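Asks: Questions regarding the structure given below will be posed in turn.
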Amino acid sequence: MKVFRSFQDLQARLFNNEFTCEELVRFYLNEIKTNDNYNAFIETFDESSYEQAKIVDRDILNNKKKRLSGLIIGIKDNICYKNHVVTASSLILKDFKSLYSATVVNKLIEEGAIVIGRLNCDEFAMGSANENTVYGPVKNPNDITKVSGGSSGGSAAAVASGLCLVALGSDTGGSIRQPASFCGVVGIKPTYSRVSRFGLIAYASSFDQIGPIANNVYDTALVLEVISGHDSNDSTSSKRTVPAYSKLNASSEKMKIAYMSECIDHQGLDKKIKEKFLKKVNDLQKNGHIVESVSFPYLDYLVPTYYVLSTAEASSNLSRFDGINYGYRAENSESLEETYINTRTQGFGDEVKRRIMLGTFVLSSGYHDAYFTKAQKIRRIIKENVEEIFSNYDFILSPTTPHVAFPIGNEITDPTQMYLEDIYTVLANLTGNPAISVPESEKEYGLHHSYQLMSKIFEEDKLLSFANKYL
Ligand code: GLN
């Protein structure tokens, strides 16, 4: 057997009885154990994978073919799976076993997917390099001296290196799209509320979305189609019906696409990525689409607004990790308060502590209006501005990231410098719109970079179809 790059190809062979699902699982478990040179997988779920494989084999024998029969999928280590360890790559959740499964995990298994293992990520999904993790950094499969991107770096690296067909990530400010871009694979952040967040360890609840990372747009669309939909366990999840995303529409309808001049003129944007981007604009125009620059005067406000609001939400969400209910507890504490303090001091990494402190500060009584309330207002203005652009255009196009992957152990010691890595991705999380990242076929500096396409809310079908055909 060989590593598959397309699920369609794999499934056709499985249904053709070229191998059994059990053989497939054995092959992939062995691949992960022997060829994960990237530190992508933290753990494989051997026992449950074989159990699922047996069910898939039986189903095939009974001619019960399901949409994801035989899909080898990995999950980010912040997605709960009953009776399996989940840690958010943090010491504070060391050895913690989940008591229930995330809705997305149940949906995948019901459709015949094999949840093969859990994937390294930045601690509590906070980071852009997958270096903030108790398991050590994830390496970029194209160049192991470079970062994978983050926070779903393990997910992107696992798919890019062929260790699984698809992986689930989560995206609060770019954590699916940015590592997908750095590793040269496809990733989508769905519309906020499209996919249930039940069983996702919360970082910033008004931003978080789960989404797939895959080798191609078709596999991405198929998995998104399965995991989307209303869930009574997530009161924010949408009741809208889920279109058949995987029926990628091949129409050549001409689209109107905007790109923000401030994004392209930004001094932080790499020159070669800019050149390629402008060439892409030209190619799309040659294909008959209208591609125009629009002005978006709020670019410099995106990252600060995101970091004020997301850290505020994180400081509240992470207060539950106190050494009493979950995972790690510091030893030798004399009182309840000391248990809290010692557990949280020892259990959280530096970046998580920094964000809890920042979030607590922006919510504190003297500063609430100056930071939190103000950021909420700016979020509203940004959303209105983006809605206005979408009243004239079908899509907004940009690079996914301003650079290619940077070296592991980078010189970026100033966290605010690192936060600028998110400049193009946070917009879709602030507004709730869906956005996909698709790699450019030609590398720069030996590494991948990608295009990000954003659409109106709930237009994932149109977004995926266009991305499949033209990006
Ligand atoms: N890189 C961003 C951050 O550090 C995004 C994280 C995410 O989407 N989970 O917050």
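Quick note on naming: the chains in the structure tokens go A, B, ... in the order shown, residues restart at 1 in each chain, and ligands are numbered from 1 in order of appearance.
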Let me have all residues with an atom within 10 Å of ligand 1, counting only C-alpha atoms and all ligand atoms, laid out as JSON, numbers by chain.

Replies: {"A": [121, 122, 123, 124, 125, 126, 127, 128, 129, 130, 132, 149, 150, 151, 152, 169, 170, 171, 172, 173, 174, 175, 176, 177, 178, 179, 189, 202, 203, 204, 207, 208, 209, 210, 303, 306, 307, 310, 311, 351, 352, 355, 415, 418, 419, 420, 421, 422, 423, 425, 426, 429]}

Asks: Those same residues - N, CA and C atoms - I'd like them written as a short mmCIF file (atom, residue, chain, number, x, y, z; two decimals), in the first residue's frame.

Replies:
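To be explicit, this is the file written out as part-v4.cif:
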data_model
loop_
_atom_site.label_atom_id
_atom_site.label_comp_id
_atom_site.auth_asym_id
_atom_site.auth_seq_id
_atom_site.Cartn_x
_atom_site.Cartn_y
_atom_site.Cartn_z
N CYS A 121 -0.53 20.84 18.82
CA CYS A 121 -1.02 22.19 18.50
C CYS A 121 -0.41 23.17 19.50
N ASP A 122 -0.62 24.44 19.27
CA ASP A 122 -0.21 25.42 20.28
C ASP A 122 -1.11 25.27 21.49
N GLU A 123 -0.54 25.51 22.67
CA GLU A 123 -1.28 25.34 23.92
C GLU A 123 -2.57 26.15 23.91
N PHE A 124 -3.68 25.48 24.11
CA PHE A 124 -5.01 26.10 24.07
C PHE A 124 -5.23 26.89 22.77
N ALA A 125 -4.56 26.47 21.72
CA ALA A 125 -4.71 27.06 20.38
C ALA A 125 -4.21 28.50 20.31
N MET A 126 -3.25 28.84 21.19
CA MET A 126 -2.72 30.20 21.21
C MET A 126 -1.34 30.23 20.60
N GLY A 127 -1.26 30.66 19.34
CA GLY A 127 0.04 30.76 18.71
C GLY A 127 -0.04 30.70 17.21
N SER A 128 1.06 31.02 16.56
CA SER A 128 1.11 31.04 15.09
C SER A 128 2.28 30.21 14.57
N ALA A 129 2.91 29.44 15.43
CA ALA A 129 4.10 28.70 15.01
C ALA A 129 4.12 27.25 15.50
N ASN A 130 3.17 26.89 16.33
CA ASN A 130 3.15 25.59 16.99
C ASN A 130 4.44 25.32 17.78
N ASN A 132 4.44 26.89 21.02
CA ASN A 132 3.94 26.98 22.40
C ASN A 132 3.24 25.68 22.76
N GLY A 149 3.64 26.53 11.33
CA GLY A 149 2.52 27.45 11.52
C GLY A 149 1.66 26.93 12.65
N GLY A 150 0.73 27.79 13.10
CA GLY A 150 -0.08 27.37 14.23
C GLY A 150 -1.42 28.09 14.26
N SER A 151 -2.31 27.70 15.08
CA SER A 151 -2.02 26.75 16.14
C SER A 151 -2.27 25.30 15.72
N SER A 152 -2.97 25.06 14.59
CA SER A 152 -3.21 23.67 14.18
C SER A 152 -2.04 23.13 13.34
N GLY A 169 -8.89 20.91 12.45
CA GLY A 169 -8.21 21.96 13.21
C GLY A 169 -9.26 22.85 13.82
N SER A 170 -8.81 23.87 14.53
CA SER A 170 -9.75 24.89 14.99
C SER A 170 -9.15 26.24 14.63
N ASP A 171 -10.02 27.21 14.39
CA ASP A 171 -9.57 28.51 13.87
C ASP A 171 -10.26 29.62 14.64
N THR A 172 -9.45 30.35 15.42
CA THR A 172 -9.97 31.46 16.23
C THR A 172 -9.52 32.78 15.63
N GLY A 173 -8.33 32.73 15.01
CA GLY A 173 -7.79 33.94 14.37
C GLY A 173 -6.98 33.58 13.13
N GLY A 174 -7.06 32.32 12.70
CA GLY A 174 -6.29 31.91 11.53
C GLY A 174 -5.65 30.54 11.68
N SER A 175 -5.95 29.87 12.77
CA SER A 175 -5.22 28.65 13.11
C SER A 175 -5.44 27.45 12.21
N ILE A 176 -6.41 27.51 11.31
CA ILE A 176 -6.51 26.47 10.28
C ILE A 176 -5.78 26.97 9.04
N ARG A 177 -6.07 28.20 8.66
CA ARG A 177 -5.58 28.71 7.37
C ARG A 177 -4.08 28.97 7.36
N GLN A 178 -3.53 29.51 8.45
CA GLN A 178 -2.11 29.86 8.45
C GLN A 178 -1.21 28.62 8.42
N PRO A 179 -1.42 27.61 9.26
CA PRO A 179 -0.58 26.41 9.12
C PRO A 179 -0.84 25.67 7.80
N LYS A 189 -11.94 27.83 7.24
CA LYS A 189 -12.68 28.22 8.44
C LYS A 189 -14.10 28.49 8.00
N ALA A 202 -12.61 25.41 24.60
CA ALA A 202 -12.82 26.80 24.18
C ALA A 202 -11.58 27.66 24.38
N TYR A 203 -11.30 28.48 23.39
CA TYR A 203 -10.29 29.53 23.53
C TYR A 203 -11.05 30.86 23.60
N ALA A 204 -11.62 31.30 22.49
CA ALA A 204 -12.42 32.53 22.47
C ALA A 204 -13.74 32.20 21.78
N PHE A 207 -15.30 33.48 18.51
CA PHE A 207 -14.44 33.40 17.32
C PHE A 207 -14.22 31.96 16.86
N ASP A 208 -14.17 31.02 17.81
CA ASP A 208 -13.74 29.64 17.52
C ASP A 208 -14.62 28.95 16.49
N GLN A 209 -14.02 28.28 15.54
CA GLN A 209 -14.72 27.35 14.66
C GLN A 209 -13.81 26.17 14.35
N ILE A 210 -14.42 24.98 14.24
CA ILE A 210 -13.68 23.79 13.83
C ILE A 210 -13.78 23.71 12.31
N VAL A 303 -5.65 43.37 14.21
CA VAL A 303 -4.89 42.55 15.16
C VAL A 303 -5.12 43.03 16.60
N TYR A 306 -8.64 41.98 17.69
CA TYR A 306 -8.68 40.53 17.91
C TYR A 306 -8.03 40.16 19.24
N TYR A 307 -6.86 40.73 19.52
CA TYR A 307 -6.15 40.33 20.75
C TYR A 307 -6.80 40.86 22.02
N SER A 310 -10.17 38.42 22.07
CA SER A 310 -9.93 36.98 22.24
C SER A 310 -9.28 36.69 23.59
N THR A 311 -8.41 37.58 24.06
CA THR A 311 -7.80 37.31 25.38
C THR A 311 -8.83 37.51 26.50
N GLU A 351 2.85 31.81 27.13
CA GLU A 351 1.95 32.53 26.23
C GLU A 351 0.52 32.51 26.77
N VAL A 352 0.12 31.38 27.32
CA VAL A 352 -1.24 31.28 27.88
C VAL A 352 -1.37 32.22 29.07
N ARG A 355 -1.75 35.78 27.95
CA ARG A 355 -3.08 36.11 27.42
C ARG A 355 -4.13 36.16 28.54
N PRO A 415 6.33 39.38 21.39
CA PRO A 415 5.05 38.74 21.04
C PRO A 415 4.19 39.58 20.10
N MET A 418 4.97 38.75 16.62
CA MET A 418 4.38 37.48 16.24
C MET A 418 2.88 37.66 15.94
N TYR A 419 2.20 38.51 16.69
CA TYR A 419 0.77 38.71 16.50
C TYR A 419 0.47 39.27 15.11
N LEU A 420 1.44 39.99 14.52
CA LEU A 420 1.22 40.56 13.18
C LEU A 420 1.14 39.50 12.09
N GLU A 421 1.61 38.30 12.42
CA GLU A 421 1.48 37.18 11.47
C GLU A 421 0.02 36.92 11.11
N ASP A 422 -0.88 37.34 12.00
CA ASP A 422 -2.31 37.03 11.82
C ASP A 422 -3.05 38.13 11.05
N ILE A 423 -2.32 39.08 10.48
CA ILE A 423 -2.97 40.27 9.94
C ILE A 423 -4.05 39.97 8.89
N THR A 425 -5.61 36.94 8.43
CA THR A 425 -6.57 35.88 8.77
C THR A 425 -7.62 36.30 9.81
N VAL A 426 -7.27 37.21 10.73
CA VAL A 426 -8.20 37.51 11.83
C VAL A 426 -9.50 38.17 11.37
N ASN A 429 -12.51 35.98 11.35
CA ASN A 429 -12.98 35.58 12.68
C ASN A 429 -13.70 36.74 13.37
#

Asks: Any idea what the distance is between atom CA of A:Lys54 and atom CA of A:Asn106?

Replies: 16.9 Å

Asks: Using the chain letters and numbers from this document, which residues of stretch 286-355 of chain A does DSSP assign to helix (DSSP H, G or I), as a PyMOL selection string?

Replies: chain A and resi 286+299-320+336-347+350-355

Asks: Rounded to one decimal, what separation in Å do you get between atom CA of A:Leu163 and atom CA of A:Ile32?

Replies: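 Between atom CA of A:Leu163 and atom CA of A:Ile32 the gap works out to 5.8 Å.
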
Asks: Using backbone DSSP assignments, extract all strand (DSSP E) residues from stretch 113-342 of chain A; output them as a VMD selection string.

Replies: chain A and resid 114 to 119 139 to 140 143 to 147 166 to 171 186 to 189 209 to 214 256 to 260 290 to 294

Asks: Keeping only N, CA, C and O atoms, write the selected residues to a file as a compact mmCIF listing (two decimals), in the first residue's frame.

Replies:
# COMPACT_ATOMS: atom_id res chain seq x y z
N ILE A 114 -12.22 7.00 10.27
CA ILE A 114 -11.39 6.39 11.31
C ILE A 114 -10.62 7.51 11.99
O ILE A 114 -9.77 8.16 11.35
N VAL A 115 -10.88 7.73 13.26
CA VAL A 115 -10.16 8.79 13.99
C VAL A 115 -8.86 8.19 14.50
O VAL A 115 -8.82 7.50 15.51
N ILE A 116 -7.79 8.47 13.79
CA ILE A 116 -6.55 7.70 13.93
C ILE A 116 -5.66 8.18 15.09
O ILE A 116 -4.84 7.42 15.60
N GLY A 117 -5.82 9.45 15.50
CA GLY A 117 -4.97 9.92 16.60
C GLY A 117 -5.15 11.40 16.84
O GLY A 117 -5.94 12.06 16.16
N ARG A 118 -4.41 11.90 17.86
CA ARG A 118 -4.52 13.33 18.15
C ARG A 118 -3.24 14.06 17.76
O ARG A 118 -2.15 13.49 17.82
N LEU A 119 -3.43 15.32 17.41
CA LEU A 119 -2.37 16.09 16.77
C LEU A 119 -1.91 17.26 17.62
O LEU A 119 -2.73 17.98 18.21
N LYS A 139 7.40 20.41 13.10
CA LYS A 139 8.30 20.83 12.02
C LYS A 139 7.55 20.86 10.70
O LYS A 139 6.65 20.03 10.46
N ASN A 140 7.96 21.76 9.84
CA ASN A 140 7.33 21.88 8.53
C ASN A 140 7.81 20.75 7.61
O ASN A 140 9.02 20.59 7.41
N ASP A 143 10.47 21.58 5.03
CA ASP A 143 11.79 21.98 5.50
C ASP A 143 11.72 21.92 7.02
O ASP A 143 11.10 22.78 7.66
N ILE A 144 12.36 20.89 7.58
CA ILE A 144 12.16 20.63 9.01
C ILE A 144 12.83 21.67 9.91
O ILE A 144 12.66 21.62 11.12
N THR A 145 13.55 22.61 9.33
CA THR A 145 14.10 23.68 10.17
C THR A 145 13.09 24.82 10.33
O THR A 145 13.32 25.76 11.06
N LYS A 146 11.97 24.72 9.59
CA LYS A 146 10.97 25.80 9.64
C LYS A 146 9.73 25.38 10.45
O LYS A 146 9.45 24.19 10.60
N VAL A 147 9.01 26.38 10.93
CA VAL A 147 7.79 26.08 11.70
C VAL A 147 6.70 25.57 10.77
O VAL A 147 6.72 25.81 9.56
N VAL A 166 -7.07 13.64 6.02
CA VAL A 166 -7.67 14.91 6.45
C VAL A 166 -7.38 15.05 7.94
O VAL A 166 -7.18 14.05 8.64
N ALA A 167 -7.35 16.30 8.41
CA ALA A 167 -7.24 16.53 9.85
C ALA A 167 -8.20 17.64 10.24
O ALA A 167 -8.45 18.55 9.44
N LEU A 168 -8.74 17.55 11.45
CA LEU A 168 -9.54 18.67 11.93
C LEU A 168 -8.63 19.63 12.68
O LEU A 168 -7.73 19.21 13.41
N GLY A 169 -8.89 20.91 12.45
CA GLY A 169 -8.21 21.96 13.21
C GLY A 169 -9.26 22.85 13.82
O GLY A 169 -10.46 22.63 13.65
N SER A 170 -8.81 23.87 14.53
CA SER A 170 -9.75 24.89 14.99
C SER A 170 -9.15 26.24 14.63
O SER A 170 -7.92 26.36 14.53
N ASP A 171 -10.02 27.21 14.39
CA ASP A 171 -9.57 28.51 13.87
C ASP A 171 -10.26 29.62 14.64
O ASP A 171 -11.47 29.78 14.56
N VAL A 186 -4.76 22.59 1.92
CA VAL A 186 -5.97 23.43 1.89
C VAL A 186 -6.62 23.42 3.27
O VAL A 186 -6.66 22.38 3.94
N GLY A 187 -7.15 24.56 3.69
CA GLY A 187 -7.87 24.61 4.97
C GLY A 187 -8.99 25.63 4.91
O GLY A 187 -8.85 26.67 4.27
N ILE A 188 -10.10 25.32 5.57
CA ILE A 188 -11.22 26.26 5.57
C ILE A 188 -11.70 26.55 6.98
O ILE A 188 -11.80 25.64 7.81
N LYS A 189 -11.94 27.83 7.24
CA LYS A 189 -12.68 28.22 8.44
C LYS A 189 -14.10 28.49 8.00
O LYS A 189 -14.35 29.37 7.20
N GLN A 209 -14.02 28.28 15.54
CA GLN A 209 -14.72 27.35 14.66
C GLN A 209 -13.81 26.17 14.35
O GLN A 209 -12.60 26.33 14.20
N ILE A 210 -14.42 24.98 14.24
CA ILE A 210 -13.68 23.79 13.83
C ILE A 210 -13.78 23.71 12.31
O ILE A 210 -14.80 24.07 11.73
N GLY A 211 -12.73 23.23 11.66
CA GLY A 211 -12.79 23.04 10.21
C GLY A 211 -11.76 22.03 9.75
O GLY A 211 -10.85 21.67 10.50
N PRO A 212 -11.88 21.55 8.50
CA PRO A 212 -10.94 20.56 7.99
C PRO A 212 -9.71 21.14 7.28
O PRO A 212 -9.77 22.22 6.70
N ILE A 213 -8.64 20.36 7.33
CA ILE A 213 -7.43 20.63 6.53
C ILE A 213 -7.23 19.38 5.68
O ILE A 213 -7.34 18.26 6.18
N ALA A 214 -7.00 19.56 4.37
CA ALA A 214 -6.90 18.40 3.48
C ALA A 214 -5.95 18.69 2.31
O ALA A 214 -5.47 19.82 2.17
N LYS A 256 -17.32 38.77 -9.04
CA LYS A 256 -16.74 40.08 -8.70
C LYS A 256 -15.93 39.91 -7.41
O LYS A 256 -16.47 39.51 -6.38
N ILE A 257 -14.66 40.20 -7.53
CA ILE A 257 -13.76 39.94 -6.40
C ILE A 257 -13.06 41.23 -5.98
O ILE A 257 -12.56 41.98 -6.83
N ALA A 258 -13.05 41.48 -4.70
CA ALA A 258 -12.36 42.66 -4.18
C ALA A 258 -11.06 42.23 -3.51
O ALA A 258 -10.97 41.13 -2.97
N TYR A 259 -10.05 43.07 -3.62
CA TYR A 259 -8.90 42.89 -2.73
C TYR A 259 -8.60 44.24 -2.09
O TYR A 259 -8.83 45.29 -2.69
N MET A 260 -8.15 44.18 -0.85
CA MET A 260 -7.98 45.43 -0.11
C MET A 260 -6.61 46.03 -0.41
O MET A 260 -5.59 45.37 -0.19
N ILE A 290 -14.19 40.02 -12.56
CA ILE A 290 -13.85 41.41 -12.23
C ILE A 290 -13.09 41.39 -10.90
O ILE A 290 -13.61 40.89 -9.89
N VAL A 291 -11.87 41.85 -10.92
CA VAL A 291 -11.08 41.88 -9.69
C VAL A 291 -10.60 43.32 -9.48
O VAL A 291 -9.89 43.86 -10.34
N GLU A 292 -11.02 43.90 -8.40
CA GLU A 292 -10.73 45.32 -8.18
C GLU A 292 -10.21 45.56 -6.78
O GLU A 292 -10.57 44.85 -5.84
N SER A 293 -9.40 46.61 -6.64
CA SER A 293 -8.96 46.94 -5.29
C SER A 293 -9.99 47.84 -4.63
O SER A 293 -10.62 48.67 -5.28
N VAL A 294 -10.20 47.63 -3.35
CA VAL A 294 -11.09 48.51 -2.58
C VAL A 294 -10.28 49.01 -1.38
O VAL A 294 -9.27 48.41 -1.02

Asks: Using only C-alpha atoms, which residues sit within 12 Å of stretch 46-49 of chain A once same-chain residues fewer than 5 positions away are excluded, as JSON, numbers by chain?

Replies: {"A": [21, 22, 23, 24, 25, 26, 27, 28, 29, 30, 32, 33, 54, 55, 56, 70, 71, 72, 73, 74, 81, 82, 83, 84, 109, 112, 113, 114, 115, 116, 117, 118]}

Asks: For the atom pair atom CA of A:Val138 and atom CA of A:Asn39, what is the interatomic distance in Å to one decimal place?

Replies: 5.1 Å

Asks: Considering only C-alpha atoms, state which residue in the set A:Lys374, A:Lys276, A:Lys64, A:Lys383 is at the smallest distance from A:Pro402.

Replies: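 Using only C-alpha atoms, the shortest distance to A:Pro402 belongs to A:Lys276.
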
Asks: Set the distance at 12 Å and use only C-alpha atoms: which residues neighbour A:Ser364 once local chain neighbours fewer than 5 positions away are removed? I'd like the list as a list of chain:residue names.

Replies: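 Here the answer would be A:Ala312, A:Ser315, A:Ser316, A:Met357, A:Leu358, A:Gly359, A:Asp369, A:Ala370, A:Tyr371, A:Phe372, A:Thr373.
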
Asks: Hey, can you spit out that residue selection with C-alpha atoms as a PDB file, in the first residue's frame?

Replies:
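Output below, filename out_1.pdb:
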ATOM      1  CA  ALA A 312     -10.813  38.654  27.312  1.00  0.00           C
ATOM      2  CA  SER A 315      -9.341  34.670  30.516  1.00  0.00           C
ATOM      3  CA  SER A 316     -12.907  33.654  31.293  1.00  0.00           C
ATOM      4  CA  MET A 357      -3.323  38.410  32.224  1.00  0.00           C
ATOM      5  CA  LEU A 358      -4.025  40.615  29.214  1.00  0.00           C
ATOM      6  CA  GLY A 359      -7.626  39.422  29.073  1.00  0.00           C
ATOM      7  CA  ASP A 369     -14.614  50.715  28.665  1.00  0.00           C
ATOM      8  CA  ALA A 370     -11.243  51.800  27.360  1.00  0.00           C
ATOM      9  CA  TYR A 371     -10.348  48.383  25.939  1.00  0.00           C
ATOM     10  CA  PHE A 372     -13.052  45.733  25.914  1.00  0.00           C
ATOM     11  CA  THR A 373     -16.070  47.925  25.104  1.00  0.00           C
TER      12      THR A 373
END

Asks: Using only C-alpha atoms, which protein or nucleic acid residues come within 8 Å of A:Ile382? Drop anything in the same chain fewer than 5 positions from it, and give the result as a PyMOL selection string.

Replies: chain A and resi 298+430-431

Asks: Restricting the calculation to only C-alpha atoms, which member of A:Pro407, A:Ile92, A:Val195, A:Lys456 is positioned closest to A:Thr345?

Replies: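 Looking only at the distances to A:Thr345, the closest residue turns out to be A:Ile92.
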
Asks: So that I can see what lies close to A:Ala244, please list as a list in words the residues with an atom at most 9 Å from it, counting only C-alpha atoms and leaving out residues fewer than 2 positions away in the same chain.

Replies: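 With the cut-off at 9 Å, the set is Ala221, Leu222, Glu225, Val242, Ser246, Lys247, Leu248 and Asp461 of chain A.
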
Asks: For A:Lys254, find every residue with an atom within 9 Å (counting only C-alpha atoms), except residues of its own chain fewer than 5 positions away, and show them as number ranges by chain.

Replies: A: 287-290

Asks: May I have the selected residues written with N, CA, C and O atoms, as a short mmCIF file (atom, residue, chain, number, x, y, z; two decimals), in the first residue's frame?

Replies:
data_model
loop_
_atom_site.label_atom_id
_atom_site.label_comp_id
_atom_site.auth_asym_id
_atom_site.auth_seq_id
_atom_site.Cartn_x
_atom_site.Cartn_y
_atom_site.Cartn_z
N ASN A 287 -9.45 35.43 -16.89
CA ASN A 287 -10.54 34.45 -16.92
C ASN A 287 -11.92 35.08 -16.96
O ASN A 287 -12.93 34.38 -16.88
N GLY A 288 -11.95 36.39 -17.01
CA GLY A 288 -13.22 37.09 -17.15
C GLY A 288 -13.85 37.58 -15.86
O GLY A 288 -14.94 38.15 -15.86
N HIS A 289 -13.16 37.38 -14.74
CA HIS A 289 -13.71 37.87 -13.48
C HIS A 289 -13.35 39.34 -13.30
O HIS A 289 -12.32 39.79 -13.80
N ILE A 290 -14.19 40.02 -12.56
CA ILE A 290 -13.85 41.41 -12.23
C ILE A 290 -13.09 41.39 -10.90
O ILE A 290 -13.61 40.89 -9.89
#
